[in-house]
file upload32.cif (mmCIF, C-alpha atoms)
data_data
#
loop_
_atom_site.label_atom_id
_atom_site.label_comp_id
_atom_site.auth_asym_id
_atom_site.auth_seq_id
_atom_site.Cartn_x
_atom_site.Cartn_y
_atom_site.Cartn_z
CA MET T 1 108.59 85.39 128.44
CA ALA T 2 107.81 87.73 131.29
CA GLY T 3 104.59 89.69 131.00
CA VAL T 4 104.61 93.46 130.64
CA ALA T 5 102.29 95.40 132.96
CA VAL T 6 100.50 98.18 131.10
CA SER T 7 98.28 100.98 132.31
CA THR T 8 96.46 102.88 129.59
CA THR T 9 93.29 104.80 128.70
CA ILE T 10 90.85 103.29 126.22
CA ASN T 11 87.82 105.32 125.15
CA GLY T 12 88.26 107.47 128.26
CA ASP T 13 88.38 104.57 130.72
CA ASN T 14 91.48 103.40 132.58
CA PHE T 15 92.62 99.88 131.76
CA GLU T 16 95.38 97.76 133.25
CA TYR T 17 96.58 94.56 131.69
CA LEU T 18 99.49 92.17 131.42
CA CYS T 19 100.66 91.24 127.93
CA GLN T 20 103.52 89.42 126.27
CA PRO T 21 106.35 91.61 124.88
CA ASP T 22 105.58 90.57 121.29
CA GLU T 23 101.80 90.77 121.60
CA THR T 24 100.14 93.37 119.39
CA LEU T 25 97.74 95.95 120.75
CA LEU T 26 95.13 94.44 118.41
CA ASP T 27 95.47 91.06 120.16
CA VAL T 28 95.35 92.74 123.56
CA LEU T 29 92.17 94.64 122.65
CA ARG T 30 90.42 91.59 121.22
CA ASP T 31 91.67 88.68 123.30
CA ARG T 32 92.44 90.20 126.69
CA LEU T 33 90.02 93.13 126.96
CA GLY T 34 87.08 91.81 124.93
CA LEU T 35 87.05 94.85 122.64
CA THR T 36 86.46 92.99 119.40
CA GLY T 37 85.50 96.00 117.26
CA ALA T 38 88.95 96.28 115.73
CA LYS T 39 89.35 93.37 113.29
CA GLU T 40 92.37 91.47 112.09
CA GLY T 41 92.39 91.50 108.30
CA CYS T 42 95.97 91.18 107.14
CA GLY T 43 97.94 91.65 110.35
CA THR T 44 100.62 93.54 108.43
CA GLY T 45 99.29 97.09 108.24
CA ASP T 46 97.89 96.87 104.72
CA CYS T 47 94.10 96.64 105.17
CA GLY T 48 93.20 99.05 107.97
CA ALA T 49 90.56 96.77 109.56
CA CYS T 50 92.33 97.12 112.92
CA SER T 51 92.49 100.95 112.80
CA ILE T 52 92.46 102.77 116.12
CA ILE T 53 93.44 106.27 117.23
CA LEU T 54 96.51 106.38 119.47
CA ASP T 55 97.20 109.80 121.01
CA ASP T 56 95.35 111.55 118.17
CA ARG T 57 97.09 109.58 115.43
CA LEU T 58 95.33 107.03 113.26
CA VAL T 59 97.31 103.76 113.37
CA CYS T 60 96.91 100.08 112.65
CA SER T 61 96.72 98.33 116.02
CA CYS T 62 98.31 95.25 114.44
CA LEU T 63 101.49 97.33 114.04
CA VAL T 64 101.55 98.51 117.66
CA LEU T 65 102.72 96.39 120.57
CA GLY T 66 100.37 96.09 123.53
CA ALA T 67 103.29 97.22 125.70
CA GLU T 68 103.53 100.50 123.78
CA ALA T 69 100.10 101.65 124.98
CA GLU T 70 101.51 102.43 128.44
CA GLY T 71 100.41 105.91 129.49
CA ARG T 72 98.74 106.66 126.16
CA ARG T 73 95.21 107.32 124.94
CA VAL T 74 93.55 104.71 122.77
CA GLU T 75 90.27 105.25 120.88
CA THR T 76 88.44 102.33 119.31
CA VAL T 77 85.13 101.96 117.48
CA GLU T 78 83.52 100.95 120.81
CA GLY T 79 83.91 104.54 121.97
CA MET T 80 82.05 106.13 119.05
CA ALA T 81 78.41 105.64 120.09
CA HIS T 82 77.04 107.15 123.28
CA GLY T 83 74.72 104.52 124.70
CA ASP T 84 72.02 103.98 122.10
CA ARG T 85 72.94 107.15 120.25
CA LEU T 86 75.09 106.31 117.26
CA HIS T 87 77.89 108.56 116.07
CA PRO T 88 76.77 110.44 112.90
CA LEU T 89 79.24 108.36 110.88
CA GLN T 90 77.70 105.13 112.16
CA GLN T 91 74.20 106.42 111.43
CA LYS T 92 75.14 107.47 107.91
CA PHE T 93 76.91 104.17 107.19
CA LEU T 94 73.61 102.46 108.01
CA GLU T 95 71.50 104.87 105.97
CA HIS T 96 73.75 104.64 102.92
CA ALA T 97 74.23 100.88 103.25
CA ALA T 98 77.96 101.56 103.32
CA LEU T 99 78.72 98.03 104.43
CA GLN T 100 77.98 94.49 103.43
CA CYS T 101 80.01 91.89 105.33
CA GLY T 102 81.07 94.50 107.90
CA ILE T 103 84.62 93.32 108.62
CA CYS T 104 86.19 96.54 107.36
CA THR T 105 83.54 98.82 108.89
CA PRO T 106 85.04 99.52 112.34
CA GLY T 107 88.31 100.49 110.66
CA PHE T 108 86.53 102.74 108.16
CA LEU T 109 84.53 104.40 110.95
CA ILE T 110 87.63 105.16 113.01
CA ALA T 111 89.59 106.34 109.96
CA ALA T 112 86.68 108.55 108.89
CA LYS T 113 86.37 109.94 112.43
CA ASP T 114 90.07 110.84 112.38
CA LEU T 115 89.73 112.34 108.90
CA LEU T 116 86.78 114.57 109.87
CA ALA T 117 88.46 115.62 113.12
CA LYS T 118 91.39 116.96 111.09
CA ASN T 119 89.43 118.10 108.04
CA PRO T 120 85.73 118.71 108.81
CA ASP T 121 84.87 119.61 105.21
CA PRO T 122 86.79 117.22 102.95
CA THR T 123 86.35 116.99 99.20
CA GLU T 124 85.49 113.63 97.68
CA GLU T 125 89.11 113.27 96.61
CA GLU T 126 90.34 114.02 100.13
CA ILE T 127 87.97 111.38 101.51
CA ARG T 128 89.18 108.81 99.00
CA PHE T 129 92.82 109.57 99.74
CA GLY T 130 92.16 109.77 103.48
CA LEU T 131 90.52 106.34 103.53
CA ALA T 132 92.97 104.69 101.13
CA GLY T 133 94.52 102.76 104.02
CA ASN T 134 91.26 100.90 104.53
CA LEU T 135 90.33 98.10 102.15
CA CYS T 136 86.75 96.99 101.44
CA ARG T 137 86.02 94.08 99.12
CA CYS T 138 82.23 94.46 99.14
CA THR T 139 81.00 97.98 98.57
CA GLY T 140 83.18 99.34 95.82
CA TYR T 141 83.79 102.31 98.16
CA ASP T 142 81.22 104.70 96.64
CA LYS T 143 78.65 104.12 99.38
CA ILE T 144 81.31 104.62 102.03
CA VAL T 145 82.40 107.91 100.47
CA ARG T 146 78.76 109.11 100.27
CA ALA T 147 78.17 108.16 103.91
CA VAL T 148 81.25 110.10 105.03
CA GLN T 149 80.22 113.13 102.96
CA ASP T 150 76.74 113.04 104.47
CA ALA T 151 78.09 112.59 108.01
CA ALA T 152 80.46 115.53 107.48
CA SER T 153 77.57 117.82 106.54
CA VAL T 154 75.52 116.64 109.53
CA MET T 155 78.47 117.15 111.90
CA LYS T 156 79.15 120.63 110.55
CA GLY T 157 75.55 121.59 111.21
CA ALA T 158 75.61 120.16 114.73
CA MET S 159 111.86 88.20 124.50
CA ARG S 160 112.05 91.39 126.53
CA TYR S 161 110.50 94.79 125.85
CA ILE S 162 112.10 97.86 127.42
CA ARG S 163 111.44 101.55 127.12
CA PRO S 164 114.53 103.46 128.25
CA LEU S 165 114.24 107.14 129.16
CA SER S 166 117.71 108.15 127.98
CA ILE S 167 119.60 107.47 124.77
CA GLU S 168 122.67 106.42 126.81
CA ASP S 169 120.60 103.76 128.54
CA ALA S 170 119.24 102.58 125.18
CA VAL S 171 122.79 102.32 123.77
CA GLY S 172 123.90 100.44 126.90
CA GLN S 173 121.03 97.97 126.66
CA LEU S 174 121.62 97.36 122.95
CA THR S 175 125.38 96.97 123.47
CA GLY S 176 124.94 94.58 126.40
CA SER S 177 122.33 92.36 124.74
CA SER S 178 123.47 88.85 123.97
CA GLY S 179 120.99 87.93 121.23
CA THR S 180 119.26 89.83 118.47
CA ALA S 181 118.22 93.27 119.61
CA ALA S 182 115.80 95.47 117.68
CA ILE S 183 115.11 99.18 117.94
CA LEU S 184 111.41 100.02 117.92
CA ALA S 185 110.32 103.48 116.77
CA GLY S 186 107.25 103.27 114.47
CA GLY S 187 107.36 99.49 114.16
CA SER S 188 105.84 99.49 110.67
CA ASP S 189 108.71 97.36 109.38
CA LEU S 190 109.78 95.62 112.61
CA LEU S 191 106.38 94.24 113.59
CA VAL S 192 105.73 92.96 110.06
CA ARG S 193 109.11 91.21 110.07
CA MET S 194 108.42 89.73 113.51
CA LYS S 195 105.00 88.49 112.42
CA GLY S 196 106.47 86.96 109.28
CA GLY S 197 109.10 85.13 111.31
CA PHE S 198 111.98 86.94 109.61
CA ILE S 199 113.29 88.25 112.91
CA GLU S 200 112.85 87.06 116.47
CA PRO S 201 114.48 89.67 118.67
CA GLU S 202 115.60 88.74 122.15
CA LEU S 203 115.32 92.41 123.12
CA ILE S 204 113.06 95.19 121.82
CA VAL S 205 114.21 98.70 122.71
CA ASP S 206 111.36 101.17 122.32
CA ILE S 207 113.00 104.58 121.86
CA LYS S 208 109.83 106.70 121.92
CA ALA S 209 110.09 107.69 125.61
CA ILE S 210 113.58 109.17 125.15
CA ASP S 211 113.55 112.91 125.61
CA GLY S 212 113.72 114.88 122.37
CA LEU S 213 113.48 111.95 119.98
CA SER S 214 109.87 112.74 119.11
CA GLU S 215 110.64 116.35 118.18
CA ILE S 216 111.44 118.30 115.04
CA ARG S 217 113.79 121.09 116.15
CA GLU S 218 114.76 124.16 114.18
CA THR S 219 118.36 124.96 115.05
CA ALA S 220 120.88 127.55 113.93
CA GLU S 221 122.22 124.99 111.44
CA GLY S 222 118.84 123.90 110.12
CA PHE S 223 116.50 121.12 111.20
CA SER S 224 116.94 118.13 113.48
CA ILE S 225 114.27 115.46 113.00
CA GLY S 226 114.20 113.02 115.92
CA ALA S 227 114.29 109.29 115.25
CA ALA S 228 110.81 108.74 116.72
CA VAL S 229 109.01 111.48 114.77
CA PRO S 230 106.26 109.87 112.66
CA CYS S 231 106.19 110.90 109.00
CA ALA S 232 102.72 112.43 109.49
CA ALA S 233 104.37 115.04 111.74
CA LEU S 234 106.75 116.09 108.95
CA GLY S 235 103.81 117.19 106.84
CA GLU S 236 102.38 119.14 109.77
CA ASN S 237 105.55 121.20 110.25
CA ALA S 238 105.12 124.35 108.15
CA ALA S 239 108.75 125.51 108.43
CA LEU S 240 110.11 122.13 107.37
CA LYS S 241 107.66 121.91 104.48
CA THR S 242 108.70 125.35 103.25
CA ALA S 243 112.41 124.64 103.52
CA TRP S 244 112.47 121.01 102.32
CA PRO S 245 109.29 120.27 100.34
CA GLY S 246 110.95 117.38 98.49
CA VAL S 247 111.94 115.60 101.70
CA VAL S 248 108.46 116.07 103.13
CA GLU S 249 106.67 114.90 99.97
CA ALA S 250 108.85 111.78 99.89
CA ALA S 251 108.19 110.96 103.55
CA LYS S 252 104.48 111.51 103.03
CA LEU S 253 104.41 108.85 100.29
CA ILE S 254 105.27 106.04 102.69
CA GLY S 255 102.21 103.86 103.27
CA SER S 256 98.69 104.83 104.28
CA LYS S 257 97.43 107.38 106.81
CA GLN S 258 97.67 104.59 109.39
CA VAL S 259 101.28 103.86 108.51
CA GLN S 260 102.10 107.58 108.37
CA GLY S 261 101.05 107.84 112.01
CA ARG S 262 103.81 105.41 112.96
CA CYS S 263 106.57 105.22 110.34
CA THR S 264 109.72 107.32 110.66
CA ILE S 265 112.38 108.51 108.20
CA VAL S 266 115.11 106.95 110.35
CA GLY S 267 113.24 103.65 110.18
CA ASN S 268 112.87 104.04 106.43
CA LEU S 269 116.63 104.64 106.18
CA CYS S 270 117.63 101.77 108.49
CA ASN S 271 115.22 99.27 106.95
CA ALA S 272 117.61 99.72 104.02
CA SER S 273 115.22 98.97 101.20
CA PRO S 274 116.64 100.16 97.85
CA ALA S 275 113.10 101.43 97.10
CA ALA S 276 112.66 103.44 100.32
CA ASP S 277 110.83 106.63 99.40
CA SER S 278 112.38 109.10 101.81
CA VAL S 279 115.99 108.06 101.17
CA PRO S 280 116.62 109.52 97.67
CA ALA S 281 115.10 112.80 98.86
CA LEU S 282 117.29 112.79 101.98
CA VAL S 283 120.40 111.93 99.96
CA ALA S 284 119.65 114.73 97.49
CA ALA S 285 119.08 117.05 100.45
CA HIS S 286 122.55 116.29 101.80
CA ALA S 287 120.98 115.01 105.03
CA ARG S 288 123.20 113.61 107.77
CA ALA S 289 122.45 111.01 110.40
CA LEU S 290 123.44 111.76 113.98
CA VAL S 291 124.64 108.40 115.30
CA ILE S 292 125.20 107.62 118.95
CA GLY S 293 126.80 104.41 120.12
CA PRO S 294 129.19 102.83 122.61
CA GLY S 295 132.05 104.77 120.96
CA GLY S 296 130.32 108.15 121.27
CA LYS S 297 128.62 110.35 118.72
CA ARG S 298 129.30 110.78 115.02
CA THR S 299 127.56 112.48 112.14
CA ILE S 300 127.54 110.65 108.82
CA PRO S 301 125.96 111.29 105.39
CA VAL S 302 122.70 109.34 105.09
CA GLU S 303 123.89 107.63 101.91
CA THR S 304 126.53 105.79 103.95
CA VAL S 305 123.91 104.15 106.22
CA PRO S 306 122.36 101.51 103.89
CA THR S 307 125.00 99.19 102.46
CA GLY S 308 122.67 96.78 100.63
CA PRO S 309 119.11 95.49 100.85
CA GLY S 310 118.31 95.16 104.57
CA LYS S 311 121.89 95.95 105.62
CA THR S 312 123.35 99.06 107.25
CA SER S 313 126.77 100.30 108.27
CA LEU S 314 125.66 100.79 111.88
CA ALA S 315 127.64 98.85 114.48
CA LYS S 316 126.16 96.94 117.42
CA GLY S 317 124.70 99.31 119.96
CA GLU S 318 124.49 102.26 117.57
CA ILE S 319 121.29 104.28 117.23
CA ILE S 320 120.48 107.06 114.79
CA GLU S 321 119.25 109.77 117.10
CA ALA S 322 118.18 112.28 114.46
CA ILE S 323 118.35 113.29 110.82
CA LEU S 324 119.96 116.69 110.25
CA LEU S 325 119.02 118.99 107.38
CA ASP S 326 120.80 122.23 106.53
CA ARG S 327 119.33 125.67 106.89
CA ARG S 328 118.21 126.59 103.41
CA ALA S 329 120.35 128.86 101.24
CA PRO S 330 118.34 131.44 99.27
CA ARG S 331 116.98 130.30 95.89
CA SER S 332 116.96 126.60 96.79
CA GLY S 333 114.41 123.92 96.07
CA ASP S 334 114.06 120.15 96.17
CA ALA S 335 111.62 117.59 94.79
CA TYR S 336 110.96 113.86 94.85
CA LEU S 337 109.05 111.73 92.34
CA ARG S 338 108.47 108.01 92.08
CA PHE S 339 106.84 105.71 89.59
CA ILE S 340 104.30 103.18 90.85
CA PRO S 341 101.69 101.33 88.79
CA ARG S 342 98.93 102.47 91.16
CA THR S 343 98.07 106.01 92.21
CA GLU S 344 99.25 105.58 95.81
CA MET S 345 100.42 103.20 98.51
CA ASP S 346 102.86 101.14 96.54
CA ILE S 347 106.59 100.47 96.46
CA ALA S 348 108.63 102.60 94.08
CA VAL S 349 109.60 100.93 90.82
CA VAL S 350 111.94 103.87 90.17
CA SER S 351 112.34 107.15 92.05
CA ALA S 352 114.33 110.35 91.86
CA GLY S 353 115.21 113.15 94.26
CA VAL S 354 116.71 116.45 93.08
CA ASN S 355 117.97 119.35 95.20
CA LEU S 356 119.12 122.64 93.64
CA THR S 357 120.47 126.03 94.62
CA LEU S 358 120.44 128.82 92.02
CA ASP S 359 122.40 132.02 91.68
CA GLU S 360 120.73 135.40 91.21
CA GLN S 361 120.43 134.87 87.46
CA GLY S 362 118.65 131.53 87.90
CA VAL S 363 121.73 129.50 86.97
CA VAL S 364 122.16 126.27 88.96
CA LYS S 365 125.17 126.67 91.27
CA ALA S 366 124.73 123.54 93.40
CA ALA S 367 122.86 120.31 92.65
CA ARG S 368 122.42 116.83 94.04
CA VAL S 369 120.58 114.06 92.21
CA ALA S 370 119.68 110.71 93.80
CA LEU S 371 117.92 107.70 92.29
CA GLY S 372 115.99 105.00 94.14
CA ALA S 373 115.03 101.40 93.33
CA VAL S 374 117.56 101.12 90.50
CA ALA S 375 120.48 99.57 92.43
CA ALA S 376 121.19 97.73 95.67
CA THR S 377 121.30 101.07 97.47
CA VAL S 378 120.08 104.55 96.61
CA LEU S 379 122.47 106.11 94.09
CA LEU S 380 123.91 109.59 94.41
CA VAL S 381 124.63 110.47 90.77
CA GLU S 382 127.33 113.12 90.74
CA GLU S 383 127.57 113.25 86.97
CA ALA S 384 123.85 114.08 86.86
CA ALA S 385 124.43 117.00 89.19
CA GLU S 386 127.27 118.17 86.95
CA ALA S 387 124.88 118.13 83.98
CA LEU S 388 122.83 120.79 85.75
CA ILE S 389 125.47 122.95 87.42
CA GLY S 390 126.26 126.15 85.50
CA ARG S 391 123.09 125.81 83.45
CA LYS S 392 119.51 127.01 83.52
CA MET S 393 116.89 124.29 83.00
CA ASP S 394 117.40 124.36 79.26
CA GLU S 395 116.46 121.41 77.08
CA ALA S 396 120.08 120.38 76.52
CA ALA S 397 120.80 120.25 80.27
CA LEU S 398 117.64 118.22 80.95
CA GLU S 399 118.40 115.86 78.09
CA ARG S 400 121.90 115.30 79.44
CA LEU S 401 120.50 114.78 82.97
CA ALA S 402 118.06 112.12 81.75
CA LYS S 403 120.75 110.34 79.76
CA VAL S 404 123.23 110.30 82.64
CA CYS S 405 120.59 109.03 85.08
CA ALA S 406 119.51 106.24 82.74
CA GLY S 407 123.14 105.24 82.37
CA ALA S 408 123.85 105.29 86.11
CA CYS S 409 121.12 102.75 86.91
CA ARG S 410 122.06 99.20 87.79
CA PRO S 411 118.53 97.86 88.20
CA ILE S 412 117.19 94.36 88.55
CA ASP S 413 114.56 92.82 86.29
CA ASP S 414 111.52 91.88 88.31
CA LYS S 415 107.74 91.78 88.16
CA ARG S 416 107.55 95.47 89.01
CA GLY S 417 109.71 96.64 86.14
CA THR S 418 112.26 95.54 83.58
CA VAL S 419 115.81 96.87 83.41
CA GLU S 420 115.01 98.78 80.23
CA PHE S 421 111.87 100.33 81.72
CA ARG S 422 113.61 101.36 84.92
CA ARG S 423 116.46 103.03 83.04
CA LYS S 424 114.13 105.03 80.87
CA VAL S 425 111.84 106.06 83.73
CA ALA S 426 114.81 107.07 85.92
CA GLY S 427 115.73 109.64 83.29
CA VAL S 428 112.15 110.85 82.94
CA LEU S 429 111.63 111.21 86.69
CA ALA S 430 114.98 112.94 87.27
CA ARG S 431 114.10 115.41 84.57
CA ARG S 432 110.64 116.14 86.00
CA ALA S 433 111.93 116.35 89.58
CA ALA S 434 114.65 118.75 88.42
CA MET S 435 112.06 121.00 86.78
CA THR S 436 109.94 121.04 89.95
CA ALA S 437 112.97 121.70 92.16
CA TYR S 438 114.00 124.51 89.81
CA ALA S 439 110.57 126.13 89.99
CA ARG S 440 110.56 125.79 93.78
CA ALA S 441 113.95 127.49 93.90
CA GLY S 442 112.38 130.41 92.04
CA GLY S 443 113.87 129.61 88.64
CA LYS S 444 111.92 130.57 85.54
#
call {"tool": "encode", "arguments": {"input": "upload32.cif", "output": "structure tokens"}}
result
Amino acid sequence: MAGVAVSTTINGDNFEYLCQPDETLLDVLRDRLGLTGAKEGCGTGDCGACSIILDDRLVCSCLVLGAEAEGRRVETVEGMAHGDRLHPLQQKFLEHAALQCGICTPGFLIAAKDLLAKNPDPTEEEIRFGLAGNLCRCTGYDKIVRAVQDAASVMKGA
Amino acid sequence: MRYIRPLSIEDAVGQLTGSSGTAAILAGGSDLLVRMKGGFIEPELIVDIKAIDGLSEIRETAEGFSIGAAVPCAALGENAALKTAWPGVVEAAKLIGSKQVQGRCTIVGNLCNASPAADSVPALVAAHARALVIGPGGKRTIPVETVPTGPGKTSLAKGEIIEAILLDRRAPRSGDAYLRFIPRTEMDIAVVSAGVNLTLDEQGVVKAARVALGAVAATVLLVEEAAEALIGRKMDEAALERLAKVCAGACRPIDDKRGTVEFRRKVAGVLARRAAMTAYARAGGK
């Protein structure tokens, strides 16, 4: 199989890579570019652990081909903190202990970032619906919902 | 395997027509990539249609709406005019998968994946939607219900692409609705579903109706007798009773872990009845 040459923007930086035509963007991020924040849970778009933002749309990177990223903007969890300064969502996830094993966390953070970008003041129900594409087997979700609510109020005040 | 991203629909048709092995069209990929990963399909050629001009747009035309084949379902919910005109179609499309899947999945993909339980299809069939097909033989416009021919199978010929879904401009006093039954509250595959589309006269009497049922046969069913039960009537109890009975009788469901034949028949009637009441209210009926 011939490789596909791709030029794309990830977290504001330009990236160029070669990938196989059937290689997912998740595999490209993790195995070719060393961006291992996005996790492979199911690989079939059910669990949300590989969530990224592609041109302002929340997507599962396991359901995107690496070749499709050509000319587009990709945001991953690696782009959320600025140096040592955590994104309010990351800070609140820590404070509320909204994670245990942590595999689902990057996906939840990106999904919550997308949710708050589109709806800065969500109700609890809107948060639960908005994050329904992300599965967590540890927390029982309540701590995640509280962390997102708290982050939303901090971000509104900022 | 090759991946190409043509810039024109003619080029895409040419590439699909000229391919020797299995060729797959990639729009949202939420079915295709899962099938590739599972080893159910190994395409020799992947034709990504998202760079083709116009395919990622919802256009309001003199005739109504044209929804491009690459428009993700999330964009349907963001289009105020479409939501006002066709709330049933939009609510059905919005039920497909999670937020993440919504950002990718398309109604054309939902139609061409040809699952009997596809959420957007009963709503589109009830809405009298047409598919604009382009292929080596030129263009044609066909009713959406003629696209799926059985689970995973479509009537499209080699090299043909559905360019857009066309919806009519709304007549006054019209409304549509879609409902499905799932054992969870969200993100599941319909056990039974129903789409209803109505137009009323000035007295609130139904003058046109279309009723479609999903997940109760090998393809989505357009139930003409159910529409007849509503036409010429207001939403009186007798009309609704007749609608439910006809819908239950029209089902040819399978028995599986998601629902028995008996359950599916009963629920088809219940959902058709509830969707009809919602469509009636949306059309301004009282």
call {"tool": "resolve_selection", "arguments": {"input": "upload32.cif", "expression": "the PyMOL selection byres ((chain S) within 7 of (chain T))", "output": "ChimeraX atom specification"}}
result
/S:159-161,187-188,191-192,256-259,261-262
call {"tool": "closest_residue", "arguments": {"input": "upload32.cif", "among": "T:Arg137, T:Arg73, T:Arg30, T:Arg146", "to": "Thr123 (chain T)", "atoms": "all atoms listed in the file"}}
result
T:Arg146
call {"tool": "resolve_selection", "arguments": {"input": "upload32.cif", "expression": "the PyMOL selection byres ((chain S and resi 174) around 10)", "output": "PyMOL selection string"}}
result
chain S and resi 168-173+175-183+203-205+293-294+316-319
call {"tool": "resolve_selection", "arguments": {"input": "upload32.cif", "expression": "the PyMOL selection byres ((chain T and resi 150) around 12)", "output": "JSON, numbers by chain"}}
result
{"T": [88, 89, 90, 91, 92, 93, 94, 95, 96, 98, 112, 116, 120, 121, 122, 123, 124, 127, 143, 144, 145, 146, 147, 148, 149, 151, 152, 153, 154, 155, 156, 157]}
call {"tool": "closest_residue", "arguments": {"input": "upload32.cif", "among": "S:Arg331, S:Lys444, S:Arg391, S:Lys424", "to": "Pro411 (chain S)", "atoms": "all atoms listed in the file"}}
result
S:Lys424
call {"tool": "atom_distance", "arguments": {"input": "upload32.cif", "atom1": "CA of Lys392 (chain S)", "atom2": "CA of Met435 (chain S)"}}
result
10.1 Å
call {"tool": "axis_aligned_box", "arguments": {"input": "upload32.cif", "around": "region 396-408 of chain S", "padding_each_side": "5 Å", "output": "JSON"}}
result
{"center_x": 120.7, "center_y": 112.8, "center_z": 81.3, "size_x": 16.2, "size_y": 25.1, "size_z": 19.6}
call {"tool": "atom_distance", "arguments": {"input": "upload32.cif", "atom1": "CA of Glu70 (chain T)", "atom2": "CA of Thr9 (chain T)"}}
result
8.6 Å
call {"tool": "atom_distance", "arguments": {"input": "upload32.cif", "atom1": "CA of Arg338 (chain S)", "atom2": "CA of Met194 (chain S)"}}
result
28.2 Å
call {"tool": "residues_near_point", "arguments": {"input": "upload32.cif", "point": "(115.9, 126.0, 112.1)", "cutoff": "12 Å", "atoms": "all atoms listed in the file", "output": "list of chain:residue names"}}
result
S:Ile216, S:Arg217, S:Glu218, S:Thr219, S:Ala220, S:Glu221, S:Gly222, S:Phe223, S:Ser224, S:Ile225, S:Asn237, S:Ala238, S:Ala239, S:Leu240, S:Lys241, S:Thr242, S:Ala243, S:Trp244, S:Leu324, S:Leu325, S:Asp326, S:Arg327, S:Arg328
call {"tool": "closest_residue", "arguments": {"input": "upload32.cif", "among": "S:Arg298, S:Lys208, S:Arg416, S:Arg423", "to": "Val374 (chain S)", "atoms": "all atoms listed in the file"}}
result
S:Arg423
